[in-house]
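Enquirer: mmCIF, N, CA and C atoms, file model-v7.cif:
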```
data_work
loop_
_atom_site.label_atom_id
_atom_site.label_comp_id
_atom_site.auth_asym_id
_atom_site.auth_seq_id
_atom_site.Cartn_x
_atom_site.Cartn_y
_atom_site.Cartn_z
N MET E 27 -44.34 95.44 -109.62
CA MET E 27 -45.02 95.45 -110.89
C MET E 27 -45.44 94.02 -111.24
N ALA E 28 -46.66 93.84 -111.61
CA ALA E 28 -47.18 92.53 -111.95
C ALA E 28 -46.70 92.10 -113.34
N ILE E 29 -46.52 90.81 -113.49
CA ILE E 29 -46.16 90.26 -114.80
C ILE E 29 -47.42 90.22 -115.65
N SER E 30 -47.27 90.56 -116.89
CA SER E 30 -48.39 90.57 -117.82
C SER E 30 -48.99 89.17 -117.94
N LYS E 31 -50.31 89.11 -118.04
CA LYS E 31 -50.96 87.82 -118.22
C LYS E 31 -50.59 87.20 -119.56
N TYR E 32 -50.00 87.98 -120.45
CA TYR E 32 -49.60 87.49 -121.76
C TYR E 32 -48.18 86.95 -121.78
N ASP E 33 -47.47 87.13 -120.68
CA ASP E 33 -46.10 86.65 -120.59
C ASP E 33 -46.11 85.13 -120.45
N VAL E 34 -45.04 84.48 -120.89
CA VAL E 34 -44.93 83.03 -120.72
C VAL E 34 -44.61 82.72 -119.26
N SER E 35 -44.85 81.49 -118.87
CA SER E 35 -44.61 81.08 -117.49
C SER E 35 -43.11 81.03 -117.18
N LYS E 36 -42.79 81.06 -115.91
CA LYS E 36 -41.38 80.92 -115.50
C LYS E 36 -40.83 79.57 -115.96
N GLU E 37 -41.66 78.52 -115.87
CA GLU E 37 -41.23 77.19 -116.30
C GLU E 37 -40.88 77.19 -117.79
N ARG E 38 -41.69 77.86 -118.59
CA ARG E 38 -41.42 77.94 -120.03
C ARG E 38 -40.16 78.76 -120.30
N ASP E 39 -40.00 79.86 -119.60
CA ASP E 39 -38.77 80.66 -119.75
C ASP E 39 -37.54 79.84 -119.39
N LEU E 40 -37.63 79.05 -118.32
CA LEU E 40 -36.50 78.21 -117.94
C LEU E 40 -36.25 77.13 -119.00
N ALA E 41 -37.31 76.59 -119.59
CA ALA E 41 -37.13 75.61 -120.67
C ALA E 41 -36.40 76.25 -121.85
N TYR E 42 -36.75 77.50 -122.18
CA TYR E 42 -36.05 78.21 -123.25
C TYR E 42 -34.57 78.40 -122.87
N ALA E 43 -34.33 78.79 -121.64
CA ALA E 43 -32.95 79.00 -121.19
C ALA E 43 -32.15 77.71 -121.26
N ILE E 44 -32.75 76.61 -120.81
CA ILE E 44 -32.07 75.32 -120.86
C ILE E 44 -31.79 74.94 -122.32
N SER E 45 -32.75 75.19 -123.20
CA SER E 45 -32.54 74.92 -124.63
C SER E 45 -31.33 75.66 -125.16
N ASN E 46 -31.22 76.91 -124.79
CA ASN E 46 -30.08 77.71 -125.24
C ASN E 46 -28.77 77.23 -124.63
N LEU E 47 -28.80 76.78 -123.38
CA LEU E 47 -27.58 76.24 -122.76
C LEU E 47 -27.15 74.95 -123.46
N ILE E 48 -28.12 74.10 -123.83
CA ILE E 48 -27.79 72.88 -124.57
C ILE E 48 -27.13 73.24 -125.90
N GLU E 49 -27.69 74.22 -126.59
CA GLU E 49 -27.13 74.64 -127.87
C GLU E 49 -25.74 75.25 -127.70
N ALA E 50 -25.55 76.02 -126.64
CA ALA E 50 -24.22 76.59 -126.37
C ALA E 50 -23.21 75.47 -126.15
N GLU E 51 -23.61 74.44 -125.41
CA GLU E 51 -22.73 73.28 -125.20
C GLU E 51 -22.33 72.66 -126.55
N CYS E 52 -23.33 72.44 -127.40
CA CYS E 52 -23.05 71.81 -128.70
C CYS E 52 -22.08 72.63 -129.54
N HIS E 53 -22.32 73.93 -129.59
CA HIS E 53 -21.43 74.80 -130.38
C HIS E 53 -20.03 74.83 -129.79
N LEU E 54 -19.93 74.88 -128.47
CA LEU E 54 -18.61 74.90 -127.85
C LEU E 54 -17.89 73.56 -127.99
N GLN E 55 -18.64 72.46 -128.02
CA GLN E 55 -18.02 71.16 -128.26
C GLN E 55 -17.39 71.12 -129.65
N GLN E 56 -18.10 71.67 -130.63
CA GLN E 56 -17.55 71.73 -131.99
C GLN E 56 -16.33 72.63 -132.03
N THR E 57 -16.42 73.77 -131.36
CA THR E 57 -15.30 74.71 -131.32
C THR E 57 -14.10 74.08 -130.64
N CYS E 58 -14.35 73.37 -129.54
CA CYS E 58 -13.28 72.71 -128.80
C CYS E 58 -12.57 71.68 -129.68
N ALA E 59 -13.34 70.91 -130.41
CA ALA E 59 -12.76 69.88 -131.28
C ALA E 59 -11.83 70.47 -132.34
N GLU E 60 -12.14 71.69 -132.77
CA GLU E 60 -11.35 72.33 -133.82
C GLU E 60 -10.32 73.32 -133.29
N ALA E 61 -10.31 73.53 -131.98
CA ALA E 61 -9.43 74.53 -131.39
C ALA E 61 -7.99 74.03 -131.32
N SER E 62 -7.09 74.97 -131.17
CA SER E 62 -5.69 74.62 -130.96
C SER E 62 -5.55 73.92 -129.61
N GLU E 63 -4.50 73.16 -129.47
CA GLU E 63 -4.31 72.37 -128.25
C GLU E 63 -4.28 73.24 -126.99
N ASP E 64 -3.75 74.44 -127.09
CA ASP E 64 -3.67 75.30 -125.91
C ASP E 64 -5.04 75.87 -125.50
N LYS E 65 -6.02 75.82 -126.38
CA LYS E 65 -7.36 76.32 -126.06
C LYS E 65 -8.35 75.22 -125.68
N LYS E 66 -8.05 73.98 -126.03
CA LYS E 66 -8.98 72.88 -125.78
C LYS E 66 -9.37 72.78 -124.30
N GLN E 67 -8.40 72.89 -123.40
CA GLN E 67 -8.67 72.78 -121.96
C GLN E 67 -9.62 73.88 -121.50
N LYS E 68 -9.42 75.09 -121.94
CA LYS E 68 -10.30 76.21 -121.55
C LYS E 68 -11.72 75.99 -122.05
N TYR E 69 -11.86 75.57 -123.32
CA TYR E 69 -13.20 75.29 -123.84
C TYR E 69 -13.87 74.18 -123.04
N ALA E 70 -13.12 73.13 -122.72
CA ALA E 70 -13.67 72.03 -121.94
C ALA E 70 -14.15 72.50 -120.57
N GLU E 71 -13.40 73.40 -119.94
CA GLU E 71 -13.80 73.93 -118.64
C GLU E 71 -15.08 74.76 -118.74
N ILE E 72 -15.19 75.55 -119.80
CA ILE E 72 -16.40 76.36 -120.01
C ILE E 72 -17.60 75.46 -120.25
N ILE E 73 -17.42 74.41 -121.05
CA ILE E 73 -18.50 73.45 -121.31
C ILE E 73 -18.98 72.83 -120.00
N GLU E 74 -18.06 72.47 -119.14
CA GLU E 74 -18.43 71.86 -117.86
C GLU E 74 -19.24 72.83 -116.99
N VAL E 75 -18.87 74.10 -116.97
CA VAL E 75 -19.63 75.10 -116.22
C VAL E 75 -21.04 75.22 -116.78
N ILE E 76 -21.16 75.26 -118.09
CA ILE E 76 -22.48 75.36 -118.73
C ILE E 76 -23.32 74.15 -118.38
N ARG E 77 -22.73 72.94 -118.41
CA ARG E 77 -23.47 71.72 -118.07
C ARG E 77 -23.99 71.77 -116.64
N LYS E 78 -23.18 72.28 -115.73
CA LYS E 78 -23.61 72.38 -114.32
C LYS E 78 -24.77 73.36 -114.17
N ILE E 79 -24.69 74.47 -114.87
CA ILE E 79 -25.78 75.46 -114.82
C ILE E 79 -27.04 74.84 -115.41
N ARG E 80 -26.90 74.16 -116.54
CA ARG E 80 -28.06 73.49 -117.16
C ARG E 80 -28.69 72.50 -116.20
N GLY E 81 -27.88 71.69 -115.56
CA GLY E 81 -28.38 70.70 -114.61
C GLY E 81 -29.11 71.34 -113.44
N LYS E 82 -28.59 72.46 -112.99
CA LYS E 82 -29.22 73.19 -111.88
C LYS E 82 -30.65 73.60 -112.23
N TYR E 83 -30.84 74.10 -113.44
CA TYR E 83 -32.17 74.57 -113.82
C TYR E 83 -33.08 73.43 -114.29
N PHE E 84 -32.50 72.36 -114.81
CA PHE E 84 -33.29 71.17 -115.08
C PHE E 84 -33.93 70.68 -113.78
N GLU E 85 -33.14 70.63 -112.73
CA GLU E 85 -33.64 70.18 -111.43
C GLU E 85 -34.82 71.03 -110.96
N LYS E 86 -34.79 72.31 -111.26
CA LYS E 86 -35.85 73.21 -110.82
C LYS E 86 -37.18 72.99 -111.54
N ILE E 87 -37.14 72.57 -112.80
CA ILE E 87 -38.41 72.46 -113.53
C ILE E 87 -38.89 71.03 -113.76
N LEU E 88 -38.00 70.05 -113.65
CA LEU E 88 -38.41 68.68 -113.96
C LEU E 88 -39.17 68.04 -112.80
N LYS E 89 -40.38 67.63 -113.11
CA LYS E 89 -41.21 66.92 -112.14
C LYS E 89 -41.15 65.42 -112.39
N ASN E 90 -41.02 65.03 -113.64
CA ASN E 90 -41.01 63.63 -114.02
C ASN E 90 -39.58 63.12 -113.94
N LYS E 91 -39.33 62.27 -112.97
CA LYS E 91 -37.98 61.73 -112.75
C LYS E 91 -37.93 60.24 -113.11
N ASP E 92 -38.90 59.78 -113.92
CA ASP E 92 -38.89 58.39 -114.35
C ASP E 92 -37.61 58.10 -115.12
N TYR E 93 -37.23 56.82 -115.12
CA TYR E 93 -36.00 56.40 -115.77
C TYR E 93 -35.94 56.91 -117.22
N GLY E 94 -34.85 57.54 -117.58
CA GLY E 94 -34.62 57.97 -118.96
C GLY E 94 -35.19 59.32 -119.33
N THR E 95 -36.03 59.88 -118.46
CA THR E 95 -36.68 61.13 -118.86
C THR E 95 -35.71 62.30 -118.88
N TRP E 96 -34.74 62.34 -117.98
CA TRP E 96 -33.77 63.45 -117.95
C TRP E 96 -33.13 63.59 -119.33
N CYS E 97 -32.65 62.48 -119.86
CA CYS E 97 -31.99 62.51 -121.17
C CYS E 97 -32.99 62.83 -122.28
N ALA E 98 -34.18 62.24 -122.18
CA ALA E 98 -35.21 62.54 -123.19
C ALA E 98 -35.56 64.02 -123.17
N PHE E 99 -35.67 64.59 -121.98
CA PHE E 99 -35.99 66.02 -121.87
C PHE E 99 -34.90 66.86 -122.53
N LYS E 100 -33.66 66.48 -122.30
CA LYS E 100 -32.55 67.22 -122.92
C LYS E 100 -32.66 67.16 -124.44
N HIS E 101 -32.94 65.98 -124.98
CA HIS E 101 -33.05 65.84 -126.43
C HIS E 101 -34.27 66.56 -126.98
N LEU E 102 -35.37 66.55 -126.26
CA LEU E 102 -36.55 67.28 -126.72
C LEU E 102 -36.28 68.77 -126.78
N LEU E 103 -35.65 69.32 -125.74
CA LEU E 103 -35.35 70.76 -125.76
C LEU E 103 -34.34 71.10 -126.84
N SER E 104 -33.40 70.21 -127.08
CA SER E 104 -32.43 70.44 -128.15
C SER E 104 -33.13 70.41 -129.51
N ALA E 105 -34.03 69.45 -129.71
CA ALA E 105 -34.77 69.36 -130.98
C ALA E 105 -35.66 70.59 -131.16
N PHE E 106 -36.30 71.03 -130.07
CA PHE E 106 -37.12 72.24 -130.12
C PHE E 106 -36.28 73.42 -130.64
N MET E 107 -35.10 73.60 -130.07
CA MET E 107 -34.26 74.72 -130.45
C MET E 107 -33.78 74.60 -131.89
N GLN E 108 -33.35 73.41 -132.29
CA GLN E 108 -32.84 73.23 -133.66
C GLN E 108 -33.93 73.42 -134.70
N LEU E 109 -35.12 72.89 -134.44
CA LEU E 109 -36.23 73.09 -135.38
C LEU E 109 -36.57 74.57 -135.49
N SER E 110 -36.55 75.27 -134.37
CA SER E 110 -36.81 76.72 -134.38
C SER E 110 -35.76 77.45 -135.19
N GLU E 111 -34.50 77.09 -135.00
CA GLU E 111 -33.40 77.73 -135.73
C GLU E 111 -33.54 77.52 -137.24
N VAL E 112 -33.79 76.29 -137.65
CA VAL E 112 -33.91 76.00 -139.08
C VAL E 112 -35.15 76.68 -139.65
N GLY E 113 -36.25 76.65 -138.89
CA GLY E 113 -37.46 77.33 -139.35
C GLY E 113 -37.24 78.81 -139.58
N THR E 114 -36.55 79.44 -138.67
CA THR E 114 -36.25 80.86 -138.79
C THR E 114 -35.35 81.13 -140.00
N LYS E 115 -34.37 80.26 -140.23
CA LYS E 115 -33.49 80.42 -141.39
C LYS E 115 -34.27 80.28 -142.70
N LEU E 116 -35.19 79.32 -142.73
CA LEU E 116 -36.00 79.14 -143.94
C LEU E 116 -36.88 80.36 -144.20
N ILE E 117 -37.46 80.91 -143.15
CA ILE E 117 -38.27 82.12 -143.31
C ILE E 117 -37.40 83.25 -143.83
N ASP E 118 -36.18 83.35 -143.31
CA ASP E 118 -35.25 84.37 -143.77
C ASP E 118 -34.91 84.19 -145.25
N GLU E 119 -34.93 82.94 -145.73
CA GLU E 119 -34.68 82.65 -147.14
C GLU E 119 -35.95 82.78 -147.98
N ASN E 120 -37.01 83.29 -147.36
CA ASN E 120 -38.30 83.50 -148.02
C ASN E 120 -39.00 82.18 -148.35
N LYS E 121 -38.68 81.13 -147.62
CA LYS E 121 -39.35 79.84 -147.75
C LYS E 121 -40.35 79.73 -146.59
N LEU E 122 -41.37 80.57 -146.67
CA LEU E 122 -42.30 80.73 -145.55
C LEU E 122 -43.02 79.45 -145.17
N LYS E 123 -43.55 78.73 -146.13
CA LYS E 123 -44.32 77.52 -145.81
C LYS E 123 -43.46 76.51 -145.06
N GLU E 124 -42.26 76.25 -145.57
CA GLU E 124 -41.35 75.30 -144.92
C GLU E 124 -40.94 75.80 -143.54
N GLY E 125 -40.63 77.09 -143.45
CA GLY E 125 -40.19 77.65 -142.18
C GLY E 125 -41.27 77.60 -141.12
N ILE E 126 -42.48 77.96 -141.51
CA ILE E 126 -43.60 77.93 -140.56
C ILE E 126 -43.87 76.50 -140.11
N GLU E 127 -43.75 75.54 -141.03
CA GLU E 127 -43.96 74.14 -140.66
C GLU E 127 -42.95 73.71 -139.58
N LEU E 128 -41.70 74.09 -139.75
CA LEU E 128 -40.69 73.74 -138.74
C LEU E 128 -40.98 74.44 -137.41
N LEU E 129 -41.40 75.69 -137.46
CA LEU E 129 -41.72 76.39 -136.22
C LEU E 129 -42.91 75.73 -135.51
N MET E 130 -43.90 75.30 -136.27
CA MET E 130 -45.05 74.61 -135.68
C MET E 130 -44.61 73.27 -135.07
N ASP E 131 -43.75 72.55 -135.79
CA ASP E 131 -43.24 71.29 -135.26
C ASP E 131 -42.41 71.53 -133.99
N SER E 132 -41.65 72.62 -133.97
CA SER E 132 -40.86 72.91 -132.77
C SER E 132 -41.77 73.13 -131.57
N GLN E 133 -42.89 73.78 -131.80
CA GLN E 133 -43.84 74.00 -130.70
C GLN E 133 -44.49 72.69 -130.26
N ASP E 134 -44.73 71.77 -131.20
CA ASP E 134 -45.24 70.45 -130.83
C ASP E 134 -44.24 69.70 -129.97
N VAL E 135 -42.96 69.79 -130.31
CA VAL E 135 -41.92 69.14 -129.51
C VAL E 135 -41.91 69.73 -128.11
N LEU E 136 -42.03 71.05 -128.01
CA LEU E 136 -42.05 71.69 -126.69
C LEU E 136 -43.28 71.25 -125.90
N LYS E 137 -44.42 71.10 -126.57
CA LYS E 137 -45.63 70.61 -125.89
C LYS E 137 -45.41 69.20 -125.36
N ILE E 138 -44.72 68.35 -126.13
CA ILE E 138 -44.40 67.00 -125.67
C ILE E 138 -43.54 67.06 -124.41
N PHE E 139 -42.56 67.95 -124.42
CA PHE E 139 -41.71 68.14 -123.24
C PHE E 139 -42.57 68.43 -122.01
N PHE E 140 -43.47 69.41 -122.13
CA PHE E 140 -44.31 69.78 -120.99
C PHE E 140 -45.31 68.69 -120.62
N LEU E 141 -45.81 67.95 -121.61
CA LEU E 141 -46.71 66.84 -121.32
C LEU E 141 -46.00 65.77 -120.52
N LEU E 142 -44.82 65.36 -120.99
CA LEU E 142 -44.05 64.35 -120.26
C LEU E 142 -43.69 64.83 -118.85
N ASN E 143 -43.36 66.09 -118.75
CA ASN E 143 -43.01 66.62 -117.44
C ASN E 143 -44.22 66.62 -116.50
N SER E 144 -45.40 66.87 -117.05
CA SER E 144 -46.62 66.89 -116.21
C SER E 144 -46.95 65.48 -115.69
N MET E 145 -46.36 64.46 -116.28
CA MET E 145 -46.60 63.09 -115.84
C MET E 145 -45.77 62.74 -114.61
N GLY E 146 -44.97 63.71 -114.13
CA GLY E 146 -44.12 63.47 -112.98
C GLY E 146 -44.87 63.58 -111.68
N GLY E 147 -44.14 63.42 -110.62
CA GLY E 147 -44.76 63.51 -109.29
C GLY E 147 -45.30 62.16 -108.87
N LYS E 148 -46.28 62.18 -108.00
CA LYS E 148 -46.85 60.94 -107.47
C LYS E 148 -47.65 60.23 -108.53
N ASP E 149 -47.57 58.88 -108.51
CA ASP E 149 -48.36 58.06 -109.46
C ASP E 149 -49.82 58.11 -109.11
#
```
Is it possible to express this structure as structure tokens?

Expert:
Amino acid sequence: MAISKYDVSKERDLAYAISNLIEAECHLQQTCAEASEDKKQKYAEIIEVIRKIRGKYFEKILKNKDYGTWCAFKHLLSAFMQLSEVGTKLIDENKLKEGIELLMDSQDVLKIFFLLNSMGGKD
């Protein structure tokens, strides 16, 4: 079965997945910090597994390996996800204008991610 021409690219889907893995790491780091001592080790182990999975898929989509871009890409995807989350919450609170603005900004951040990534490869 062919993928619909309206579907997002595999690269974009992986960027979304990486964004969610980054967010999962952040939430689990907060949980780990507040967890009982007997649970901290388990949370830390889960965080490490998530980081390895994230790194695996970063390697698959990142073309731009210039100094500092790996970290910048991580922060861009994290900002994309957080702006989307806040935008959605604002829309849920019936603050449509503010929410839509954040969603539009989140898409601009994602475009920056893909622009920087397209600068990779041979000079």

Enquirer: Distance atom CA of E:Gln108-atom CA of E:Lys65, one decimal place?

Expert: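 Straight-line distance from atom CA of E:Gln108 to atom CA of E:Lys65 works out to 26.8 Å.
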
Enquirer: Counting only C-alpha atoms, which residue out of E:Cys97, E:Leu54, E:Ile44, E:Val34 sits closest to E:Ile79?

Expert: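 Comparing E:Cys97, E:Leu54, E:Ile44, E:Val34 against E:Ile79, the winner is E:Ile44.
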
Enquirer: What lies within 6 Å of E:Leu128 using only C-alpha atoms, ignoring chain neighbours under 2 positions off, as a short mmCIF file (atom, residue, chain, number, x, y, z; two decimals) with N, CA and C atoms, in the coordinates of the input?

Expert:
```
data_model
loop_
_atom_site.label_atom_id
_atom_site.label_comp_id
_atom_site.auth_asym_id
_atom_site.auth_seq_id
_atom_site.Cartn_x
_atom_site.Cartn_y
_atom_site.Cartn_z
N LEU E 109 -35.12 72.89 -134.44
CA LEU E 109 -36.23 73.09 -135.38
C LEU E 109 -36.57 74.57 -135.49
N GLY E 113 -36.25 76.65 -138.89
CA GLY E 113 -37.46 77.33 -139.35
C GLY E 113 -37.24 78.81 -139.58
N GLY E 125 -40.63 77.09 -143.45
CA GLY E 125 -40.19 77.65 -142.18
C GLY E 125 -41.27 77.60 -141.12
N ILE E 126 -42.48 77.96 -141.51
CA ILE E 126 -43.60 77.93 -140.56
C ILE E 126 -43.87 76.50 -140.11
N MET E 130 -43.90 75.30 -136.27
CA MET E 130 -45.05 74.61 -135.68
C MET E 130 -44.61 73.27 -135.07
N ASP E 131 -43.75 72.55 -135.79
CA ASP E 131 -43.24 71.29 -135.26
C ASP E 131 -42.41 71.53 -133.99
#
```

Enquirer: When you draw a straight line from atom N of E:Gln55 to atom N of E:Thr114, how long is it in Å?

Expert: 22.0 Å

Enquirer: Grab the atom C of E:Lys100 to atom N of E:Lys121 distance for me, in Å with one decimal place.

Expert: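 Computing it gives 27.7 Å between the two atoms.
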
Enquirer: Do you know which residues the PyMOL selection byres ((chain E and resi 105) around 8) returns on this file, as a PyMOL selection string?

Expert: chain E and resi 45+99-104+106-111+131-133+135-136

Enquirer: With N, CA and C atoms retained, could you export that selection as a PDB file, keeping the file's coordinate frame?

Expert:
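Okay, part-v2.pdb is ready:
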```
ATOM      1  N   SER E  45     -32.750  75.190-123.200  1.00  0.00           N
ATOM      2  CA  SER E  45     -32.540  74.920-124.630  1.00  0.00           C
ATOM      3  C   SER E  45     -31.330  75.660-125.160  1.00  0.00           C
ATOM      4  N   PHE E  99     -35.670  64.590-121.980  1.00  0.00           N
ATOM      5  CA  PHE E  99     -35.990  66.020-121.870  1.00  0.00           C
ATOM      6  C   PHE E  99     -34.900  66.860-122.530  1.00  0.00           C
ATOM      7  N   LYS E 100     -33.660  66.480-122.300  1.00  0.00           N
ATOM      8  CA  LYS E 100     -32.550  67.220-122.920  1.00  0.00           C
ATOM      9  C   LYS E 100     -32.660  67.160-124.440  1.00  0.00           C
ATOM     10  N   HIS E 101     -32.940  65.980-124.980  1.00  0.00           N
ATOM     11  CA  HIS E 101     -33.050  65.840-126.430  1.00  0.00           C
ATOM     12  C   HIS E 101     -34.270  66.560-126.980  1.00  0.00           C
ATOM     13  N   LEU E 102     -35.370  66.550-126.260  1.00  0.00           N
ATOM     14  CA  LEU E 102     -36.550  67.280-126.720  1.00  0.00           C
ATOM     15  C   LEU E 102     -36.280  68.770-126.780  1.00  0.00           C
ATOM     16  N   LEU E 103     -35.650  69.320-125.740  1.00  0.00           N
ATOM     17  CA  LEU E 103     -35.350  70.760-125.760  1.00  0.00           C
ATOM     18  C   LEU E 103     -34.340  71.100-126.840  1.00  0.00           C
ATOM     19  N   SER E 104     -33.400  70.210-127.080  1.00  0.00           N
ATOM     20  CA  SER E 104     -32.430  70.440-128.150  1.00  0.00           C
ATOM     21  C   SER E 104     -33.130  70.410-129.510  1.00  0.00           C
ATOM     22  N   PHE E 106     -36.300  71.030-130.070  1.00  0.00           N
ATOM     23  CA  PHE E 106     -37.120  72.240-130.120  1.00  0.00           C
ATOM     24  C   PHE E 106     -36.280  73.420-130.640  1.00  0.00           C
ATOM     25  N   MET E 107     -35.100  73.600-130.070  1.00  0.00           N
ATOM     26  CA  MET E 107     -34.260  74.720-130.450  1.00  0.00           C
ATOM     27  C   MET E 107     -33.780  74.600-131.890  1.00  0.00           C
ATOM     28  N   GLN E 108     -33.350  73.410-132.290  1.00  0.00           N
ATOM     29  CA  GLN E 108     -32.840  73.230-133.660  1.00  0.00           C
ATOM     30  C   GLN E 108     -33.930  73.420-134.700  1.00  0.00           C
ATOM     31  N   LEU E 109     -35.120  72.890-134.440  1.00  0.00           N
ATOM     32  CA  LEU E 109     -36.230  73.090-135.380  1.00  0.00           C
ATOM     33  C   LEU E 109     -36.570  74.570-135.490  1.00  0.00           C
ATOM     34  N   SER E 110     -36.550  75.270-134.370  1.00  0.00           N
ATOM     35  CA  SER E 110     -36.810  76.720-134.380  1.00  0.00           C
ATOM     36  C   SER E 110     -35.760  77.450-135.190  1.00  0.00           C
ATOM     37  N   GLU E 111     -34.500  77.090-135.000  1.00  0.00           N
ATOM     38  CA  GLU E 111     -33.400  77.730-135.730  1.00  0.00           C
ATOM     39  C   GLU E 111     -33.540  77.520-137.240  1.00  0.00           C
ATOM     40  N   ASP E 131     -43.750  72.550-135.790  1.00  0.00           N
ATOM     41  CA  ASP E 131     -43.240  71.290-135.260  1.00  0.00           C
ATOM     42  C   ASP E 131     -42.410  71.530-133.990  1.00  0.00           C
ATOM     43  N   SER E 132     -41.650  72.620-133.970  1.00  0.00           N
ATOM     44  CA  SER E 132     -40.860  72.910-132.770  1.00  0.00           C
ATOM     45  C   SER E 132     -41.770  73.130-131.570  1.00  0.00           C
ATOM     46  N   GLN E 133     -42.890  73.780-131.800  1.00  0.00           N
ATOM     47  CA  GLN E 133     -43.840  74.000-130.700  1.00  0.00           C
ATOM     48  C   GLN E 133     -44.490  72.690-130.260  1.00  0.00           C
ATOM     49  N   VAL E 135     -42.960  69.790-130.310  1.00  0.00           N
ATOM     50  CA  VAL E 135     -41.920  69.140-129.510  1.00  0.00           C
ATOM     51  C   VAL E 135     -41.910  69.730-128.110  1.00  0.00           C
ATOM     52  N   LEU E 136     -42.030  71.050-128.010  1.00  0.00           N
ATOM     53  CA  LEU E 136     -42.050  71.690-126.690  1.00  0.00           C
ATOM     54  C   LEU E 136     -43.280  71.250-125.900  1.00  0.00           C
TER      55      LEU E 136
END
```

Enquirer: So which residues touch E:Arg77 within 8 Å, counting only N, CA and C atoms, skipping near sequence neighbours fewer than 5 positions away, as a VMD selection string?

Expert: chain E and resid 47 to 48 51 71 to 72 82 to 83

Enquirer: Given the file shown, enumerate the residues that the PyMOL selection byres ((chain E and resi 89) around 6) captures and present them as a list of chain:residue names.

Expert: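 Against this file, the PyMOL selection byres ((chain E and resi 89) around 6) returns the residues E:Ile87, E:Leu88, E:Asn90, E:Lys91, E:Asn143, E:Met145, E:Gly146, E:Gly147.
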
Enquirer: Using N, CA and C atoms, can you export the residues from the last selection as a PDB file, in the frame of the given file?

Expert:
```pdb
ATOM      1  N   ILE E  87     -37.140  72.570-112.800  1.00  0.00           N
ATOM      2  CA  ILE E  87     -38.410  72.460-113.530  1.00  0.00           C
ATOM      3  C   ILE E  87     -38.890  71.030-113.760  1.00  0.00           C
ATOM      4  N   LEU E  88     -38.000  70.050-113.650  1.00  0.00           N
ATOM      5  CA  LEU E  88     -38.410  68.680-113.960  1.00  0.00           C
ATOM      6  C   LEU E  88     -39.170  68.040-112.800  1.00  0.00           C
ATOM      7  N   ASN E  90     -41.020  65.030-113.640  1.00  0.00           N
ATOM      8  CA  ASN E  90     -41.010  63.630-114.020  1.00  0.00           C
ATOM      9  C   ASN E  90     -39.580  63.120-113.940  1.00  0.00           C
ATOM     10  N   LYS E  91     -39.330  62.270-112.970  1.00  0.00           N
ATOM     11  CA  LYS E  91     -37.980  61.730-112.750  1.00  0.00           C
ATOM     12  C   LYS E  91     -37.930  60.240-113.110  1.00  0.00           C
ATOM     13  N   ASN E 143     -43.360  66.090-118.750  1.00  0.00           N
ATOM     14  CA  ASN E 143     -43.010  66.620-117.440  1.00  0.00           C
ATOM     15  C   ASN E 143     -44.220  66.620-116.500  1.00  0.00           C
ATOM     16  N   MET E 145     -46.360  64.460-116.280  1.00  0.00           N
ATOM     17  CA  MET E 145     -46.600  63.090-115.840  1.00  0.00           C
ATOM     18  C   MET E 145     -45.770  62.740-114.610  1.00  0.00           C
ATOM     19  N   GLY E 146     -44.970  63.710-114.130  1.00  0.00           N
ATOM     20  CA  GLY E 146     -44.120  63.470-112.980  1.00  0.00           C
ATOM     21  C   GLY E 146     -44.870  63.580-111.680  1.00  0.00           C
ATOM     22  N   GLY E 147     -44.140  63.420-110.620  1.00  0.00           N
ATOM     23  CA  GLY E 147     -44.760  63.510-109.290  1.00  0.00           C
ATOM     24  C   GLY E 147     -45.300  62.160-108.870  1.00  0.00           C
TER      25      GLY E 147
END
```

Enquirer: When you count only C-alpha atoms, which of these residues is closest to E:Glu49: E:Gly94, E:Ala61, E:Ile76, E:Tyr69?

Expert: E:Ile76
